[in-house]
>>> print(open('run.cif').read())   # mmCIF, C-alpha atoms and all ligand atoms
data_target
#
loop_
_atom_site.group_PDB
_atom_site.id
_atom_site.type_symbol
_atom_site.label_atom_id
_atom_site.label_comp_id
_atom_site.auth_asym_id
_atom_site.auth_seq_id
_atom_site.Cartn_x
_atom_site.Cartn_y
_atom_site.Cartn_z
ATOM 1 C CA MET F 1 89.196 88.985 96.424
ATOM 2 C CA GLU F 2 89.214 87.865 100.080
ATOM 3 C CA ASP F 3 88.252 84.282 99.097
ATOM 4 C CA SER F 4 90.940 84.104 96.415
ATOM 5 C CA LEU F 5 93.541 85.476 98.818
ATOM 6 C CA GLY F 6 92.619 82.859 101.409
ATOM 7 C CA LEU F 7 92.830 79.971 98.929
ATOM 8 C CA LEU F 8 96.083 81.209 97.506
ATOM 9 C CA ARG F 9 97.551 81.776 100.965
ATOM 10 C CA SER F 10 96.782 78.215 101.995
ATOM 11 C CA SER F 11 98.235 76.748 98.774
ATOM 12 C CA LEU F 12 101.427 78.721 99.317
ATOM 13 C CA GLY F 13 101.774 76.960 102.657
ATOM 14 C CA THR F 14 102.457 73.588 101.025
ATOM 15 C CA ALA F 15 102.869 73.923 97.255
ATOM 16 C CA ARG F 16 105.976 74.294 95.119
ATOM 17 C CA CYS F 17 105.705 77.875 94.046
ATOM 18 C CA VAL F 18 107.228 80.244 91.496
ATOM 19 C CA ALA F 19 106.835 84.020 91.618
ATOM 20 C CA PHE F 20 107.470 85.605 88.226
ATOM 21 C CA THR F 21 107.905 89.357 88.523
ATOM 22 C CA GLY F 22 108.169 92.334 86.196
ATOM 23 C CA ALA F 23 108.617 96.076 86.378
ATOM 24 C CA GLY F 24 105.232 96.564 88.106
ATOM 25 C CA ILE F 25 106.532 95.175 91.388
ATOM 26 C CA SER F 26 109.025 98.036 91.566
ATOM 27 C CA ALA F 27 106.498 100.700 90.502
ATOM 28 C CA GLU F 28 105.481 101.447 94.092
ATOM 29 C CA SER F 29 109.150 101.988 94.940
ATOM 30 C CA GLY F 30 109.251 104.725 92.297
ATOM 31 C CA VAL F 31 110.977 102.875 89.449
ATOM 32 C CA PRO F 32 109.269 103.611 86.123
ATOM 33 C CA THR F 33 107.760 100.641 84.243
ATOM 34 C CA PHE F 34 108.335 100.137 80.495
ATOM 35 C CA ARG F 35 104.790 100.073 79.157
ATOM 36 C CA GLY F 36 101.562 101.856 80.097
ATOM 37 C CA THR F 37 100.805 105.576 80.135
ATOM 38 C CA GLN F 38 103.866 106.478 82.246
ATOM 39 C CA GLY F 39 106.075 103.756 80.755
ATOM 40 C CA LEU F 40 109.671 104.372 79.674
ATOM 41 C CA TRP F 41 108.992 103.094 76.145
ATOM 42 C CA ARG F 42 106.523 105.998 75.667
ATOM 43 C CA SER F 43 109.335 108.532 75.840
ATOM 44 C CA PHE F 44 112.374 106.500 74.799
ATOM 45 C CA SER F 45 113.008 104.257 71.857
ATOM 46 C CA PRO F 46 114.072 100.705 72.721
ATOM 47 C CA GLU F 47 115.957 100.398 69.400
ATOM 48 C CA LYS F 48 118.089 103.438 70.227
ATOM 49 C CA LEU F 49 118.816 102.446 73.826
ATOM 50 C CA ALA F 50 118.447 98.743 74.439
ATOM 51 C CA THR F 51 120.040 96.887 71.548
ATOM 52 C CA PRO F 52 123.622 95.806 70.792
ATOM 53 C CA GLU F 53 123.459 97.904 67.593
ATOM 54 C CA ALA F 54 122.565 101.046 69.572
ATOM 55 C CA PHE F 55 125.526 100.469 71.889
ATOM 56 C CA ALA F 56 127.910 99.916 68.963
ATOM 57 C CA GLU F 57 126.702 103.152 67.379
ATOM 58 C CA ASP F 58 126.593 105.416 70.426
ATOM 59 C CA PRO F 59 127.849 103.836 73.671
ATOM 60 C CA ARG F 60 127.722 107.147 75.488
ATOM 61 C CA LEU F 61 124.035 107.731 74.722
ATOM 62 C CA VAL F 62 123.132 104.204 75.851
ATOM 63 C CA TRP F 63 125.203 104.618 79.005
ATOM 64 C CA GLU F 64 123.601 107.971 79.822
ATOM 65 C CA TRP F 65 120.214 106.276 79.815
ATOM 66 C CA TYR F 66 121.375 103.377 81.979
ATOM 67 C CA ASP F 67 123.205 105.761 84.296
ATOM 68 C CA TRP F 68 119.993 107.797 84.709
ATOM 69 C CA ARG F 69 118.085 104.629 85.592
ATOM 70 C CA ARG F 70 120.827 103.522 87.990
ATOM 71 C CA GLN F 71 120.562 106.890 89.733
ATOM 72 C CA ILE F 72 116.784 106.528 90.117
ATOM 73 C CA ILE F 73 117.101 102.983 91.448
ATOM 74 C CA SER F 74 119.911 103.903 93.844
ATOM 75 C CA GLN F 75 117.610 106.436 95.489
ATOM 76 C CA VAL F 76 114.628 104.135 96.089
ATOM 77 C CA LYS F 77 113.903 101.282 98.481
ATOM 78 C CA PRO F 78 112.268 97.869 98.166
ATOM 79 C CA ASN F 79 108.539 98.103 98.892
ATOM 80 C CA PRO F 80 106.197 95.799 100.856
ATOM 81 C CA GLY F 81 105.697 93.651 97.712
ATOM 82 C CA HIS F 82 109.418 92.846 97.424
ATOM 83 C CA ARG F 83 109.613 92.255 101.164
ATOM 84 C CA ALA F 84 106.587 89.933 101.185
ATOM 85 C CA LEU F 85 108.176 87.763 98.473
ATOM 86 C CA ALA F 86 111.383 87.517 100.505
ATOM 87 C CA GLU F 87 109.301 86.426 103.495
ATOM 88 C CA ILE F 88 107.334 83.868 101.440
ATOM 89 C CA GLU F 89 110.711 82.431 100.348
ATOM 90 C CA ARG F 90 111.911 82.239 103.978
ATOM 91 C CA ARG F 91 108.753 80.361 104.960
ATOM 92 C CA ALA F 92 108.996 77.864 102.086
ATOM 93 C CA PRO F 93 112.592 76.650 102.069
ATOM 94 C CA GLY F 94 113.273 74.577 98.951
ATOM 95 C CA ARG F 95 109.741 75.085 97.611
ATOM 96 C CA PHE F 96 109.940 78.615 96.280
ATOM 97 C CA THR F 97 111.691 80.118 93.246
ATOM 98 C CA LEU F 98 111.692 83.801 92.415
ATOM 99 C CA VAL F 99 112.109 84.507 88.704
ATOM 100 C CA THR F 100 112.393 88.156 87.750
ATOM 101 C CA GLN F 101 112.584 90.133 84.540
ATOM 102 C CA ASN F 102 113.803 93.122 86.537
ATOM 103 C CA VAL F 103 117.376 94.334 86.516
ATOM 104 C CA ASP F 104 117.015 96.774 89.421
ATOM 105 C CA GLY F 105 118.286 94.541 92.256
ATOM 106 C CA LEU F 106 115.387 95.461 94.568
ATOM 107 C CA HIS F 107 114.520 91.803 95.209
ATOM 108 C CA ASP F 108 118.085 91.238 96.475
ATOM 109 C CA ARG F 109 117.882 94.333 98.652
ATOM 110 C CA ALA F 110 114.572 93.097 100.118
ATOM 111 C CA GLY F 111 116.252 89.862 101.219
ATOM 112 C CA SER F 112 115.363 87.401 98.450
ATOM 113 C CA ARG F 113 118.213 84.890 98.388
ATOM 114 C CA HIS F 114 118.524 83.630 94.838
ATOM 115 C CA PRO F 115 116.350 85.554 92.409
ATOM 116 C CA VAL F 116 116.722 84.073 88.920
ATOM 117 C CA LYS F 117 117.470 87.144 86.795
ATOM 118 C CA LEU F 118 116.252 86.535 83.267
ATOM 119 C CA HIS F 119 117.247 89.956 81.943
ATOM 120 C CA GLY F 120 120.473 90.472 83.878
ATOM 121 C CA ASP F 121 121.432 93.020 86.492
ATOM 122 C CA ILE F 122 121.934 96.759 85.998
ATOM 123 C CA TRP F 123 124.628 96.769 88.723
ATOM 124 C CA GLN F 124 126.806 94.278 86.843
ATOM 125 C CA LEU F 125 129.048 95.513 84.027
ATOM 126 C CA ARG F 126 130.454 93.258 81.311
ATOM 127 C CA CYS F 127 133.432 93.951 79.099
ATOM 128 C CA THR F 128 132.642 94.070 75.381
ATOM 129 C CA GLY F 129 136.225 92.914 74.727
ATOM 130 C CA CYS F 130 137.339 90.269 77.226
ATOM 131 C CA ALA F 131 133.826 89.499 78.662
ATOM 132 C CA ALA F 132 135.021 90.014 82.273
ATOM 133 C CA GLU F 133 132.184 90.954 84.653
ATOM 134 C CA ILE F 134 132.464 93.387 87.502
ATOM 135 C CA ARG F 135 129.988 94.666 90.049
ATOM 136 C CA ASN F 136 129.674 98.441 90.198
ATOM 137 C CA GLU F 137 127.119 100.307 92.301
ATOM 138 C CA GLN F 138 128.441 103.803 91.645
ATOM 139 C CA ALA F 139 125.673 106.207 90.599
ATOM 140 C CA PRO F 140 126.335 108.451 88.789
ATOM 141 C CA LEU F 141 128.976 106.449 87.026
ATOM 142 C CA GLU F 142 132.125 108.248 85.887
ATOM 143 C CA PRO F 143 133.561 108.381 83.305
ATOM 144 C CA LEU F 144 130.929 107.458 80.729
ATOM 145 C CA PRO F 145 131.211 105.138 78.951
ATOM 146 C CA PRO F 146 133.273 103.137 81.467
ATOM 147 C CA ARG F 147 136.212 101.051 80.272
ATOM 148 C CA CYS F 148 137.593 97.680 81.331
ATOM 149 C CA PRO F 149 141.268 97.477 82.393
ATOM 150 C CA CYS F 150 141.747 95.649 79.065
ATOM 151 C CA GLY F 151 140.802 98.891 77.273
ATOM 152 C CA ALA F 152 137.433 97.920 75.766
ATOM 153 C CA PHE F 153 134.115 99.520 76.748
ATOM 154 C CA LEU F 154 132.130 98.015 79.589
ATOM 155 C CA ARG F 155 128.402 97.587 79.005
ATOM 156 C CA PRO F 156 125.538 96.952 81.414
ATOM 157 C CA ALA F 157 125.191 93.182 81.930
ATOM 158 C CA VAL F 158 121.542 93.246 80.935
ATOM 159 C CA VAL F 159 119.716 91.459 78.143
ATOM 160 C CA TRP F 160 118.983 93.761 75.230
ATOM 161 C CA PHE F 161 116.425 93.253 72.481
ATOM 162 C CA GLY F 162 117.766 90.674 70.063
ATOM 163 C CA GLU F 163 119.927 89.010 72.734
ATOM 164 C CA ALA F 164 119.397 85.665 74.405
ATOM 165 C CA ILE F 165 118.567 85.142 78.056
ATOM 166 C CA PRO F 166 121.636 83.705 79.857
ATOM 167 C CA GLU F 167 121.426 79.943 79.531
ATOM 168 C CA ASP F 168 121.746 79.065 83.222
ATOM 169 C CA ALA F 169 119.021 81.566 84.218
ATOM 170 C CA TRP F 170 116.704 80.249 81.526
ATOM 171 C CA GLU F 171 117.266 76.626 82.529
ATOM 172 C CA GLN F 172 116.554 77.360 86.182
ATOM 173 C CA ALA F 173 113.420 79.342 85.329
ATOM 174 C CA PHE F 174 112.123 76.750 82.888
ATOM 175 C CA GLU F 175 112.733 73.888 85.300
ATOM 176 C CA ALA F 176 111.014 75.769 88.132
ATOM 177 C CA ALA F 177 108.035 76.563 85.863
ATOM 178 C CA THR F 178 107.576 72.912 84.912
ATOM 179 C CA GLN F 179 107.758 71.851 88.590
ATOM 180 C CA ALA F 180 105.527 74.622 89.979
ATOM 181 C CA GLN F 181 102.187 73.840 91.574
ATOM 182 C CA VAL F 182 101.414 77.532 92.041
ATOM 183 C CA PHE F 183 102.731 80.162 89.622
ATOM 184 C CA LEU F 184 102.335 83.815 90.600
ATOM 185 C CA VAL F 185 102.530 86.369 87.765
ATOM 186 C CA ILE F 186 103.274 89.696 89.414
ATOM 187 C CA GLY F 187 103.551 93.158 87.884
ATOM 188 C CA THR F 188 104.364 92.135 84.350
ATOM 189 C CA SER F 189 102.653 92.897 81.059
ATOM 190 C CA VAL F 190 103.547 89.312 79.939
ATOM 191 C CA THR F 191 104.536 90.587 76.499
ATOM 192 C CA VAL F 192 108.293 90.041 76.219
ATOM 193 C CA TYR F 193 109.302 86.571 75.063
ATOM 194 C CA PRO F 194 110.731 84.112 75.817
ATOM 195 C CA ALA F 195 110.235 85.165 79.481
ATOM 196 C CA ALA F 196 106.468 85.633 79.042
ATOM 197 C CA GLY F 197 106.187 82.063 77.743
ATOM 198 C CA LEU F 198 106.952 80.699 81.213
ATOM 199 C CA VAL F 199 103.340 81.267 82.258
ATOM 200 C CA ALA F 200 102.048 78.858 79.590
ATOM 201 C CA VAL F 201 104.839 76.377 80.391
ATOM 202 C CA ALA F 202 103.771 76.358 84.042
ATOM 203 C CA ARG F 203 100.071 76.094 83.200
ATOM 204 C CA LYS F 204 100.643 73.195 80.769
ATOM 205 C CA SER F 205 102.695 71.438 83.437
ATOM 206 C CA GLY F 206 99.743 71.650 85.822
ATOM 207 C CA ALA F 207 100.440 74.777 87.876
ATOM 208 C CA ARG F 208 97.592 76.864 89.224
ATOM 209 C CA VAL F 209 98.233 80.393 87.988
ATOM 210 C CA ALA F 210 97.554 83.624 89.885
ATOM 211 C CA VAL F 211 97.937 87.067 88.283
ATOM 212 C CA LEU F 212 98.560 90.107 90.501
ATOM 213 C CA ASN F 213 98.237 93.296 88.471
ATOM 214 C CA PRO F 214 96.035 96.424 88.510
ATOM 215 C CA ASP F 215 95.430 95.978 84.750
ATOM 216 C CA PRO F 216 94.454 93.071 82.499
ATOM 217 C CA THR F 217 97.264 90.942 81.031
ATOM 218 C CA PRO F 218 97.422 88.183 78.409
ATOM 219 C CA ALA F 219 98.064 85.731 81.283
ATOM 220 C CA ASP F 220 94.630 86.357 82.807
ATOM 221 C CA GLU F 221 93.006 83.719 80.628
ATOM 222 C CA LEU F 222 95.368 81.076 82.012
ATOM 223 C CA ALA F 223 94.755 82.157 85.584
ATOM 224 C CA GLU F 224 92.661 80.569 88.286
ATOM 225 C CA TRP F 225 93.045 83.708 90.368
ATOM 226 C CA VAL F 226 93.198 87.275 89.016
ATOM 227 C CA LEU F 227 93.933 89.710 91.828
ATOM 228 C CA ARG F 228 93.546 93.270 90.615
ATOM 229 C CA GLY F 229 95.578 95.853 92.456
ATOM 230 C CA PRO F 230 99.064 97.012 93.356
ATOM 231 C CA ALA F 231 101.484 94.216 94.257
ATOM 232 C CA GLY F 232 102.709 96.142 97.294
ATOM 233 C CA GLN F 233 99.216 95.959 98.767
ATOM 234 C CA ILE F 234 98.248 92.430 97.709
ATOM 235 C CA LEU F 235 101.429 90.447 98.425
ATOM 236 C CA PRO F 236 101.623 91.266 102.154
ATOM 237 C CA ARG F 237 98.086 89.870 102.466
ATOM 238 C CA LEU F 238 99.380 86.469 101.308
ATOM 239 C CA LEU F 239 101.500 86.110 104.445
HETATM 240 P P1 LIG S 301 106.005 96.376 81.654
HETATM 241 O O1 LIG S 301 106.320 97.812 81.826
HETATM 242 O O2 LIG S 301 105.778 95.860 80.275
HETATM 243 O O3 LIG S 301 104.688 96.025 82.477
HETATM 244 C C1 LIG S 301 104.533 96.451 83.792
HETATM 245 C C2 LIG S 301 103.265 95.805 84.320
HETATM 246 O O4 LIG S 301 103.171 96.145 85.690
HETATM 247 C C3 LIG S 301 101.978 96.250 83.649
HETATM 248 O O5 LIG S 301 101.193 95.115 83.338
HETATM 249 C C4 LIG S 301 101.294 97.099 84.721
HETATM 250 O O6 LIG S 301 99.873 97.010 84.663
HETATM 251 C C5 LIG S 301 101.823 96.461 85.976
HETATM 252 N N1 LIG S 301 101.841 97.316 87.181
HETATM 253 C C6 LIG S 301 101.979 98.661 87.261
HETATM 254 N N2 LIG S 301 101.986 99.050 88.555
HETATM 255 C C7 LIG S 301 101.848 97.927 89.298
HETATM 256 C C8 LIG S 301 101.795 97.651 90.689
HETATM 257 N N3 LIG S 301 101.865 98.641 91.604
HETATM 258 N N4 LIG S 301 101.646 96.376 91.099
HETATM 259 C C9 LIG S 301 101.572 95.374 90.196
HETATM 260 N N5 LIG S 301 101.614 95.570 88.866
HETATM 261 C C10 LIG S 301 101.755 96.826 88.429
HETATM 262 O O7 LIG S 301 107.148 95.564 82.416
HETATM 263 P P2 LIG S 301 107.611 94.065 82.220
HETATM 264 O O8 LIG S 301 106.484 93.151 81.993
HETATM 265 O O9 LIG S 301 108.565 93.770 83.321
HETATM 266 O O10 LIG S 301 113.062 93.950 79.076
HETATM 267 O O11 LIG S 301 108.452 94.193 80.872
HETATM 268 C C11 LIG S 301 109.127 93.078 80.388
HETATM 269 C C12 LIG S 301 110.426 93.491 79.775
HETATM 270 O O12 LIG S 301 110.220 94.540 78.811
HETATM 271 C C13 LIG S 301 111.410 94.126 80.755
HETATM 272 O O13 LIG S 301 112.161 93.171 81.474
HETATM 273 C C14 LIG S 301 112.298 94.894 79.835
HETATM 274 C C15 LIG S 301 111.249 95.551 78.975
HETATM 275 O O14 LIG S 301 111.656 95.958 77.721
HETATM 276 C C16 LIG S 301 114.343 94.134 78.838
HETATM 277 O O15 LIG S 301 114.936 95.111 79.239
HETATM 278 C C17 LIG S 301 114.959 93.028 78.051
#
>>> encode(input="run.cif", output="structure tokens")
Amino acid sequence: MEDSLGLLRSSLGTARCVAFTGAGISAESGVPTFRGTQGLWRSFSPEKLATPEAFAEDPRLVWEWYDWRRQIISQVKPNPGHRALAEIERRAPGRFTLVTQNVDGLHDRAGSRHPVKLHGDIWQLRCTGCAAEIRNEQAPLEPLPPRCPCGAFLRPAVVWFGEAIPEDAWEQAFEAATQAQVFLVIGTSVTVYPAAGLVAVARKSGARVAVLNPDPTPADELAEWVLRGPAGQILPRLL
């Protein structure tokens, strides 16, 4: 591990780099991941909570789940993994892109400047009628479900199953993946597409791939470096 860390650290000093993060980077902050033995999808059904159909059928139920997650996230802090990525960005101006599947906002709170949010942001609300977006950090949120001044329900501005990634976020992420010389895959099960496909895009475009995860992932076979362990312990060692 020490050799890999050293090589990776020195490449980060000069290379164009992308960090691609998932729920695992927030695990050490106390935010539950989706998969794995403690994962949210063990106890909750994605079809009932994270699809446009579920919201149309029972907006209150969907909102209760998002409100519960917002309350958890509002009570936790970014961990050393988030903070290390913000520091790597500061040290590599113009050479570093953070692409996240997370909606929790912990990268922003750790000081990352422009995280590309593939799956949206749990603190943004979007009107199901007029499409206006507002920022709302109230937790718990009252009343549920919240309404837009235009009268229609507001929904969390996150990407649900069956929905497309926002075009501008996807373009930025795709472009960064094709340009990357080093592509870090951090705390993600690499199972949800199209986001997961960025690893292969980067590899095919010539990036050297590093996976940081305590468990095996489908990206391991594309990786030059597989660093097994918690992101909050490994990332600070890359500084
Ligand atoms: P998952 O819950 O699928 O995977 C979390 C990954 O983090 C697993 O591979 C764990 O082994 C790893 N992990 C756990 N603790 C870790 C730690 N301390 N350090 C590093 N890694 C750790 O989460 P995602 O891959 O982010 O989509 O899931 C992708 C998408 O599926 C999410 O964005 C969400 C979900 O359904 C939407 O909401 C659209």
>>> closest_residue(input="run.cif", among="F:Leu12, F:Val192, F:Ile234, F:Ala84", to="ligand LIG 301 (chain S)", atoms="only C-alpha atoms and all ligand atoms")
F:Val192
>>> residues_near_ligand(input="run.cif", ligand="ligand LIG 301 (chain S)", cutoff="7 Å", atoms="only C-alpha atoms and all ligand atoms", output="number ranges by chain")
F: 21-25, 27-28, 33-36, 39, 50, 101-102, 119, 159-161, 186-192, 212-215, 217, 229-232
>>> closest_residue(input="run.cif", among="F:Ile134, F:Ile73, F:Leu154, F:Leu141", to="F:Ser29", atoms="only C-alpha atoms")
F:Ile73
>>> residues_around(input="run.cif", residues="F:Ala219", least_positions_apart="4", cutoff="9 Å", atoms="only C-alpha atoms", output="ChimeraX atom specification")
/F:185,189-190,196,199-200,209-211,223
>>> closest_residue(input="run.cif", among="F:Ser45, F:Thr14, F:Gln179, F:Gln172", to="F:Val99", atoms="only C-alpha atoms")
F:Gln172
>>> closest_residue(input="run.cif", among="F:Cys127, F:Met1, F:Leu40, F:Ala86", to="F:Arg228", atoms="all atoms listed in the file")
F:Met1
>>> closest_residue(input="run.cif", among="F:Trp123, F:Leu5, F:Cys150, F:Gly13", to="F:Gln233", atoms="all atoms listed in the file")
F:Leu5
>>> atom_distance(input="run.cif", atom1="atom CA of F:Trp170", atom2="atom CA of F:Pro46")
22.4 Å
>>> residues_around(input="run.cif", residues="F:Arg95", least_positions_apart="6", cutoff="7 Å", atoms="all atoms listed in the file", output="list of chain:residue names")
F:Ala15, F:Arg16, F:Cys17
>>> resolve_selection(input="run.cif", expression="the PyMOL selection byres (((chain F and resi 105) around 9) and not hetatm)", output="short mmCIF file (atom, residue, chain, number, x, y, z; two decimals) with C-alpha atoms, in the frame of the given file")
data_model
loop_
_atom_site.label_atom_id
_atom_site.label_comp_id
_atom_site.auth_asym_id
_atom_site.auth_seq_id
_atom_site.Cartn_x
_atom_site.Cartn_y
_atom_site.Cartn_z
CA ILE F 73 117.10 102.98 91.45
CA ASN F 102 113.80 93.12 86.54
CA VAL F 103 117.38 94.33 86.52
CA ASP F 104 117.02 96.77 89.42
CA LEU F 106 115.39 95.46 94.57
CA HIS F 107 114.52 91.80 95.21
CA ASP F 108 118.08 91.24 96.48
CA ARG F 109 117.88 94.33 98.65
CA ALA F 110 114.57 93.10 100.12
CA ASP F 121 121.43 93.02 86.49
CA ILE F 122 121.93 96.76 86.00
CA TRP F 123 124.63 96.77 88.72
#
>>> residues_around(input="run.cif", residues="F:Leu8", least_positions_apart="6", cutoff="9 Å", atoms="all atoms listed in the file", output="PyMOL selection string")
chain F and resi 182+210+225+238
>>> decode(input="run.cif", residues="stretch 68-79 of chain F", atoms="N, CA and C atoms", output="compact mmCIF listing (two decimals), in the first residue's frame")
# COMPACT_ATOMS: atom_id res chain seq x y z
N TRP F 68 -36.05 12.64 6.42
CA TRP F 68 -35.28 11.85 7.39
C TRP F 68 -33.79 11.87 7.01
N ARG F 69 -33.51 11.71 5.72
CA ARG F 69 -32.10 11.75 5.30
C ARG F 69 -31.52 13.15 5.47
N ARG F 70 -32.31 14.17 5.14
CA ARG F 70 -31.83 15.54 5.33
C ARG F 70 -31.50 15.80 6.81
N GLN F 71 -32.32 15.24 7.70
CA GLN F 71 -32.05 15.45 9.13
C GLN F 71 -30.74 14.76 9.54
N ILE F 72 -30.52 13.55 9.03
CA ILE F 72 -29.25 12.86 9.35
C ILE F 72 -28.07 13.70 8.85
N ILE F 73 -28.17 14.12 7.58
CA ILE F 73 -27.04 14.83 6.97
C ILE F 73 -26.79 16.17 7.67
N SER F 74 -27.88 16.81 8.10
CA SER F 74 -27.70 18.13 8.73
C SER F 74 -26.97 18.02 10.07
N GLN F 75 -26.97 16.80 10.63
CA GLN F 75 -26.33 16.64 11.94
C GLN F 75 -24.90 16.11 11.87
N VAL F 76 -24.40 15.86 10.65
CA VAL F 76 -23.04 15.31 10.54
C VAL F 76 -22.10 16.34 9.92
N LYS F 77 -20.82 15.98 9.92
CA LYS F 77 -19.80 16.90 9.39
C LYS F 77 -18.98 16.20 8.30
N PRO F 78 -18.39 16.98 7.41
CA PRO F 78 -17.45 16.38 6.46
C PRO F 78 -16.33 15.68 7.23
N ASN F 79 -15.79 14.62 6.67
CA ASN F 79 -14.73 13.87 7.36
C ASN F 79 -13.38 14.12 6.67
